[in-house]
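> Contents of target.cif (mmCIF, C-alpha atoms and all ligand atoms):
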data_query
#
loop_
_atom_site.label_atom_id
_atom_site.label_comp_id
_atom_site.auth_asym_id
_atom_site.auth_seq_id
_atom_site.Cartn_x
_atom_site.Cartn_y
_atom_site.Cartn_z
CA MET W 1 1.95 8.37 3.33
CA ILE W 2 0.68 5.95 5.96
CA ILE W 3 -1.70 3.28 4.70
CA ALA W 4 -3.77 1.02 6.93
CA ASN W 5 -4.42 -2.39 5.38
CA TRP W 6 -6.98 -4.01 7.66
CA LYS W 7 -7.02 -7.20 5.56
CA MET W 8 -10.01 -9.44 6.53
CA ASN W 9 -10.63 -7.70 9.86
CA LYS W 10 -13.37 -5.47 11.30
CA GLY W 11 -17.10 -5.55 10.64
CA LEU W 12 -19.20 -2.43 10.16
CA VAL W 13 -19.43 -1.40 13.80
CA GLN W 14 -15.72 -1.87 14.51
CA SER W 15 -14.76 -0.04 11.33
CA GLN W 16 -16.94 2.93 12.21
CA GLN W 17 -15.66 3.06 15.78
CA PHE W 18 -12.06 3.04 14.60
CA VAL W 19 -12.65 5.89 12.18
CA GLU W 20 -14.51 7.98 14.76
CA GLU W 21 -11.53 7.71 17.10
CA LEU W 22 -8.96 8.34 14.38
CA LYS W 23 -10.92 11.31 13.08
CA ALA W 24 -11.06 12.90 16.52
CA TYR W 25 -7.33 12.45 16.84
CA VAL W 26 -6.53 13.86 13.40
CA GLU W 27 -8.78 16.88 13.97
CA LYS W 28 -7.39 17.58 17.44
CA HIS W 29 -3.75 17.27 16.45
CA LYS W 30 -4.09 18.79 12.98
CA VAL W 31 -2.12 15.98 11.36
CA VAL W 32 -0.81 17.46 8.14
CA ASN W 33 2.54 15.75 7.89
CA ALA W 34 1.24 12.50 6.40
CA ASP W 35 -1.35 11.33 3.89
CA ILE W 36 -3.46 8.83 5.79
CA VAL W 37 -5.23 6.14 3.78
CA ILE W 38 -7.57 3.59 5.37
CA CYS W 39 -8.21 0.35 3.44
CA PRO W 40 -11.06 -1.51 5.13
CA PRO W 41 -12.80 -4.62 3.79
CA PHE W 42 -15.26 -3.95 0.93
CA THR W 43 -18.20 -4.27 3.31
CA SER W 44 -17.09 -1.23 5.33
CA LEU W 45 -16.06 1.05 2.46
CA GLU W 46 -19.21 3.09 2.22
CA ALA W 47 -19.62 3.52 5.97
CA VAL W 48 -15.99 4.58 6.37
CA SER W 49 -16.33 6.92 3.40
CA ARG W 50 -19.24 8.71 5.09
CA LYS W 51 -17.32 9.02 8.35
CA ILE W 52 -14.19 10.51 6.79
CA ALA W 53 -16.02 12.94 4.48
CA GLY W 54 -14.57 16.43 4.91
CA THR W 55 -11.43 15.20 6.72
CA ALA W 56 -7.89 14.67 5.47
CA ILE W 57 -8.26 10.89 5.78
CA LYS W 58 -8.47 9.04 2.47
CA LEU W 59 -10.09 5.78 1.48
CA GLY W 60 -8.67 2.78 -0.34
CA ALA W 61 -9.80 -0.77 -1.16
CA GLN W 62 -7.74 -3.93 -0.82
CA ASN W 63 -8.37 -5.36 -4.28
CA MET W 64 -10.50 -5.04 -7.42
CA PHE W 65 -11.14 -6.98 -10.62
CA TYR W 66 -9.94 -5.83 -14.03
CA GLN W 67 -13.29 -6.08 -15.83
CA THR W 68 -15.86 -3.29 -15.91
CA ALA W 69 -18.99 -5.35 -15.16
CA GLY W 70 -20.59 -8.70 -15.98
CA PRO W 71 -20.71 -12.36 -14.97
CA PHE W 72 -17.86 -12.37 -12.43
CA THR W 73 -19.52 -13.67 -9.28
CA GLY W 74 -17.97 -12.31 -6.12
CA GLU W 75 -15.83 -9.71 -7.82
CA ILE W 76 -15.78 -5.92 -7.35
CA SER W 77 -15.01 -3.42 -10.12
CA GLY W 78 -13.01 -0.21 -9.99
CA GLY W 79 -16.17 1.75 -10.79
CA MET W 80 -17.86 0.22 -7.75
CA LEU W 81 -14.93 1.27 -5.58
CA LYS W 82 -15.13 4.80 -6.94
CA SER W 83 -18.85 4.89 -6.19
CA CYS W 84 -18.02 4.04 -2.55
CA GLY W 85 -15.61 6.97 -2.31
CA CYS W 86 -12.30 5.15 -2.87
CA GLU W 87 -9.33 7.11 -4.11
CA PHE W 88 -6.81 4.27 -3.76
CA VAL W 89 -6.71 0.52 -4.31
CA ILE W 90 -4.10 -1.95 -3.07
CA LEU W 91 -3.15 -4.34 -5.88
CA GLY W 92 -1.02 -7.46 -5.98
CA HIS W 93 -0.69 -7.92 -2.24
CA SER W 94 1.37 -11.06 -1.56
CA GLU W 95 -1.63 -12.62 0.22
CA ARG W 96 -3.63 -12.27 -3.00
CA ARG W 97 -0.78 -13.77 -4.96
CA GLN W 98 -0.39 -16.64 -2.46
CA HIS W 99 -4.03 -17.54 -1.75
CA PHE W 100 -5.88 -16.34 -4.84
CA GLY W 101 -3.49 -17.09 -7.67
CA GLU W 102 -2.69 -13.54 -8.69
CA THR W 103 0.27 -13.21 -11.01
CA ASN W 104 2.33 -10.28 -12.25
CA LEU W 105 0.17 -10.33 -15.38
CA THR W 106 -3.16 -10.12 -13.56
CA VAL W 107 -1.72 -7.41 -11.35
CA ASN W 108 -0.80 -5.44 -14.48
CA LYS W 109 -4.35 -5.80 -15.85
CA LYS W 110 -5.72 -4.53 -12.54
CA VAL W 111 -3.27 -1.62 -12.44
CA LEU W 112 -4.25 -0.50 -15.95
CA LYS W 113 -7.95 -0.82 -15.17
CA ALA W 114 -7.63 1.04 -11.87
CA LEU W 115 -5.85 3.93 -13.58
CA ASP W 116 -8.47 3.92 -16.32
CA GLU W 117 -11.19 4.20 -13.68
CA GLY W 118 -9.39 7.11 -11.98
CA LEU W 119 -8.18 5.10 -8.98
CA LYS W 120 -4.66 5.33 -7.59
CA PRO W 121 -3.05 1.89 -7.35
CA ILE W 122 -0.80 0.89 -4.47
CA ILE W 123 1.20 -1.90 -6.10
CA CYS W 124 2.67 -4.46 -3.71
CA ILE W 125 5.88 -6.25 -4.60
CA GLY W 126 8.34 -8.25 -2.51
CA GLU W 127 10.39 -11.41 -2.31
CA ASN W 128 9.70 -14.47 -0.18
CA LEU W 129 12.06 -15.88 2.44
CA GLN W 130 13.68 -18.39 0.08
CA GLU W 131 14.30 -15.74 -2.54
CA HIS W 132 15.63 -13.42 0.16
CA ASP W 133 18.03 -16.08 1.45
CA ASP W 134 19.10 -16.92 -2.11
CA LYS W 135 19.84 -13.20 -2.69
CA LEU W 136 17.23 -13.03 -5.44
CA THR W 137 15.44 -9.97 -4.09
CA GLU W 138 16.50 -7.67 -6.91
CA PRO W 139 15.60 -9.87 -9.90
CA VAL W 140 12.30 -10.88 -8.27
CA ILE W 141 11.11 -7.37 -7.52
CA GLU W 142 12.47 -6.00 -10.79
CA GLU W 143 10.26 -8.48 -12.68
CA GLN W 144 7.26 -7.73 -10.46
CA LEU W 145 7.70 -3.98 -10.98
CA ALA W 146 8.34 -4.16 -14.73
CA VAL W 147 5.35 -6.40 -15.46
CA ALA W 148 2.97 -4.54 -13.11
CA LEU W 149 3.84 -1.25 -14.83
CA THR W 150 3.66 -2.48 -18.44
CA HIS W 151 1.81 0.14 -20.54
CA VAL W 152 1.52 2.53 -17.59
CA SER W 153 2.18 5.95 -19.13
CA GLU W 154 4.50 8.70 -17.89
CA VAL W 155 1.39 10.66 -16.92
CA ASP W 156 -0.33 7.82 -15.06
CA ILE W 157 2.76 6.77 -13.13
CA ALA W 158 2.31 9.91 -10.99
CA ASN W 159 -0.80 8.25 -9.53
CA VAL W 160 0.98 5.01 -8.64
CA THR W 161 2.42 4.12 -5.25
CA VAL W 162 4.81 1.18 -5.03
CA ALA W 163 4.80 -0.75 -1.76
CA TYR W 164 7.87 -2.86 -1.06
CA GLU W 165 6.62 -5.63 1.20
CA PRO W 166 9.12 -8.46 1.73
CA ILE W 167 6.93 -11.50 2.33
CA TRP W 168 9.16 -12.76 5.13
CA ALA W 169 8.43 -9.55 7.02
CA ILE W 170 4.63 -9.66 6.75
CA GLY W 171 2.94 -10.52 10.03
CA THR W 172 6.13 -12.13 11.33
CA GLY W 173 7.38 -9.40 13.65
CA LYS W 174 10.60 -9.51 11.63
CA ASN W 175 10.76 -6.21 9.78
CA ALA W 176 13.38 -5.38 7.18
CA THR W 177 16.09 -3.21 8.68
CA PRO W 178 15.96 0.48 7.70
CA HIS W 179 19.17 -0.15 5.77
CA GLN W 180 17.64 -3.09 3.82
CA ALA W 181 14.49 -1.10 3.03
CA GLU W 182 16.52 1.90 1.89
CA GLY W 183 18.68 -0.30 -0.34
CA VAL W 184 15.68 -1.89 -2.04
CA HIS W 185 13.88 1.43 -2.45
CA ASN W 186 16.97 2.93 -4.08
CA PHE W 187 17.15 -0.08 -6.38
CA LEU W 188 13.49 0.44 -7.35
CA ARG W 189 14.15 4.11 -8.06
CA LYS W 190 17.01 3.13 -10.36
CA LYS W 191 14.64 0.83 -12.26
CA LEU W 192 11.99 3.56 -12.47
CA LYS W 193 14.60 5.93 -13.84
CA LYS W 194 15.41 3.43 -16.57
CA MET W 195 11.74 2.75 -17.33
CA TYR W 196 10.64 6.41 -17.17
CA SER W 197 12.95 9.29 -16.26
CA ASP W 198 15.13 10.74 -13.55
CA GLU W 199 12.39 13.11 -12.45
CA ILE W 200 9.74 10.40 -12.25
CA SER W 201 12.11 8.20 -10.29
CA LYS W 202 12.86 10.99 -7.80
CA ASN W 203 9.18 11.85 -7.33
CA ALA W 204 7.93 8.25 -7.20
CA ARG W 205 6.15 7.30 -4.00
CA ILE W 206 7.63 4.11 -2.60
CA VAL W 207 6.44 2.88 0.80
CA TYR W 208 7.63 0.01 2.95
CA GLY W 209 5.41 -2.68 4.49
CA GLY W 210 6.07 -5.63 6.81
CA SER W 211 5.84 -5.70 10.61
CA ILE W 212 5.83 -1.91 11.01
CA ASN W 213 5.04 -1.01 14.61
CA PRO W 214 5.27 2.10 16.82
CA GLU W 215 8.75 1.06 17.95
CA ASN W 216 10.40 0.63 14.55
CA ALA W 217 8.41 3.15 12.46
CA LYS W 218 10.58 6.19 13.01
CA GLU W 219 13.75 4.39 11.93
CA LEU W 220 12.07 2.78 8.93
CA PHE W 221 10.74 6.14 7.74
CA ALA W 222 14.03 7.96 8.33
CA SER W 223 15.47 7.44 4.85
CA PRO W 224 14.32 9.95 2.23
CA SER W 225 13.87 7.02 -0.16
CA VAL W 226 11.14 5.57 2.09
CA ASN W 227 8.00 7.65 1.60
CA GLY W 228 5.85 6.01 4.22
CA GLY W 229 4.41 2.69 5.24
CA LEU W 230 1.78 0.07 4.48
CA VAL W 231 0.70 -1.17 7.89
CA GLY W 232 -1.16 -4.40 8.62
CA GLY W 233 -1.49 -5.63 12.21
CA ALA W 234 -0.52 -2.35 13.87
CA SER W 235 -3.20 -0.48 11.91
CA LEU W 236 -6.01 -2.35 13.66
CA GLU W 237 -5.76 -0.35 16.90
CA VAL W 238 -6.10 3.44 16.78
CA GLU W 239 -3.42 3.92 19.41
CA SER W 240 -0.67 2.05 17.59
CA PHE W 241 -1.72 3.41 14.21
CA VAL W 242 -1.58 6.99 15.50
CA LYS W 243 1.86 6.38 16.99
CA ILE W 244 3.03 5.22 13.57
CA ILE W 245 1.54 8.32 11.92
CA ASN W 246 3.32 10.46 14.49
CA SER W 247 6.64 8.79 13.70
CA THR W 248 6.64 10.67 10.41
CA HIS W 249 7.10 14.04 12.12
CA LEU W 250 9.71 12.87 14.57
CA ILE W 251 12.13 12.66 11.65
P1 LIG B 301 1.92 -6.52 8.94
O1 LIG B 301 2.12 -5.04 9.23
O2 LIG B 301 0.89 -7.14 9.81
O3 LIG B 301 3.24 -7.24 8.91
O4 LIG B 301 1.33 -6.59 7.45
C1 LIG B 301 1.94 -5.91 6.44
C2 LIG B 301 1.07 -5.94 5.26
O5 LIG B 301 0.90 -6.98 4.64
C3 LIG B 301 0.42 -4.68 4.85
O6 LIG B 301 -0.13 -4.80 3.59
#
For the structure just supplied, provide its representation as structure tokens.


Amino acid sequence: MIIANWKMNKGLVQSQQFVEELKAYVEKHKVVNADIVICPPFTSLEAVSRKIAGTAIKLGAQNMFYQTAGPFTGEISGGMLKSCGCEFVILGHSERRQHFGETNLTVNKKVLKALDEGLKPIICIGENLQEHDDKLTEPVIEEQLAVALTHVSEVDIANVTVAYEPIWAIGTGKNATPHQAEGVHNFLRKKLKKMYSDEISKNARIVYGGSINPENAKELFASPSVNGGLVGGASLEVESFVKIINSTHLI
């Protein structure tokens, strides 16, 4: 699964151009080895949805609120995302936690609401540089995972993707090594086994994010415990994004 998180980039015209190019590529090369999910800003969702209709490319949003409707100026509901053609929604991205005060608890509320609305959450977790240096990665992400998944049923967990995004690797050009990513993903699987079952842990979709680029993608995706990537900067250009998608069948 290769997810493009465009963050606060691309207006309508740029979004549509990108998708036209990507679509042509996917159709020409019959890309079937990866699930491709594009997460544009809210303002481009509907336009991108129209462009990808009938293709294998899927649509996701970058956030949503946990209420259904009402006096929440500036917020977007899960139902609204569904009406724009979204299948996925990124929740708890570290930039939302850092700049918009999201906590593990609000992420959990969003996860439950997204599942209730029939959306598939992509839950972001990851430690910051200080925590990484202090060797606190495991307790930090264990807490993030456990709280985010509170009251998520054994049935609903099948629709959840976990994205391990170490904050020190986001937009820094300093990706986790394949070995580090594999170690953390295996740790997360152990936790999922404890929370759910062996089977759920084995089938869980866990992707890595943080400075993925065409040069490091193949190595990062090489471990069977890494089920794909959440790509920021390198998803903004079709060429680099396609190279990352192609890394999945070089393995
Ligand atoms: P970069 O790929 O730009 O490091 O961003 C990663 C990310 O935050 C994806 O959600």

> Have a look at W:Ile90, W:Leu220, W:Ile245, W:Leu192 and name the one nearest to Gln180 in chain W; count all atoms listed in the file.

W:Leu220

> Between W:Val48, W:Pro178, W:Leu136, W:Met80, which has the minimum distance to Lys10 in chain W (counting all atoms listed in the file)?

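Answer, going by the shortest atom-to-atom distance: W:Val48.
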
> Hey, what's within 12 Å of Ala4 in chain W if we count all atoms listed in the file and toss same-chain stuff fewer than 4 positions away? As JSON, numbers by chain, please?

{"W": [9, 15, 18, 19, 22, 35, 36, 37, 38, 39, 40, 41, 57, 58, 59, 60, 61, 62, 88, 89, 90, 122, 209, 210, 212, 213, 228, 229, 230, 231, 232, 233, 234, 235, 236, 237, 238, 240, 241, 242, 244, 245]}

> Would you list the contacts of range 196-199 of chain W as an MDAnalysis selection string, taking every protein, DNA or RNA residue within 9 Å and counting all atoms listed in the file, but skipping same-chain residues closer than 4 positions in sequence?

chainID W and resid 153:154 157 189:192 203:204

> Between W:Ser94, W:Trp6, W:His29, W:Trp168, which one has atoms that come closest to Asp133 in chain W, using all atoms listed in the file?

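Among the listed residues, W:Trp168 lies closest to Asp133 in chain W.
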
> Show me, as a VMD selection string, the residues that have an atom within 6 Å of Cys124 in chain W when counting all atoms listed in the file, minus same-chain residues fewer than 6 positions from it.

chain W and resid 92 to 93 163
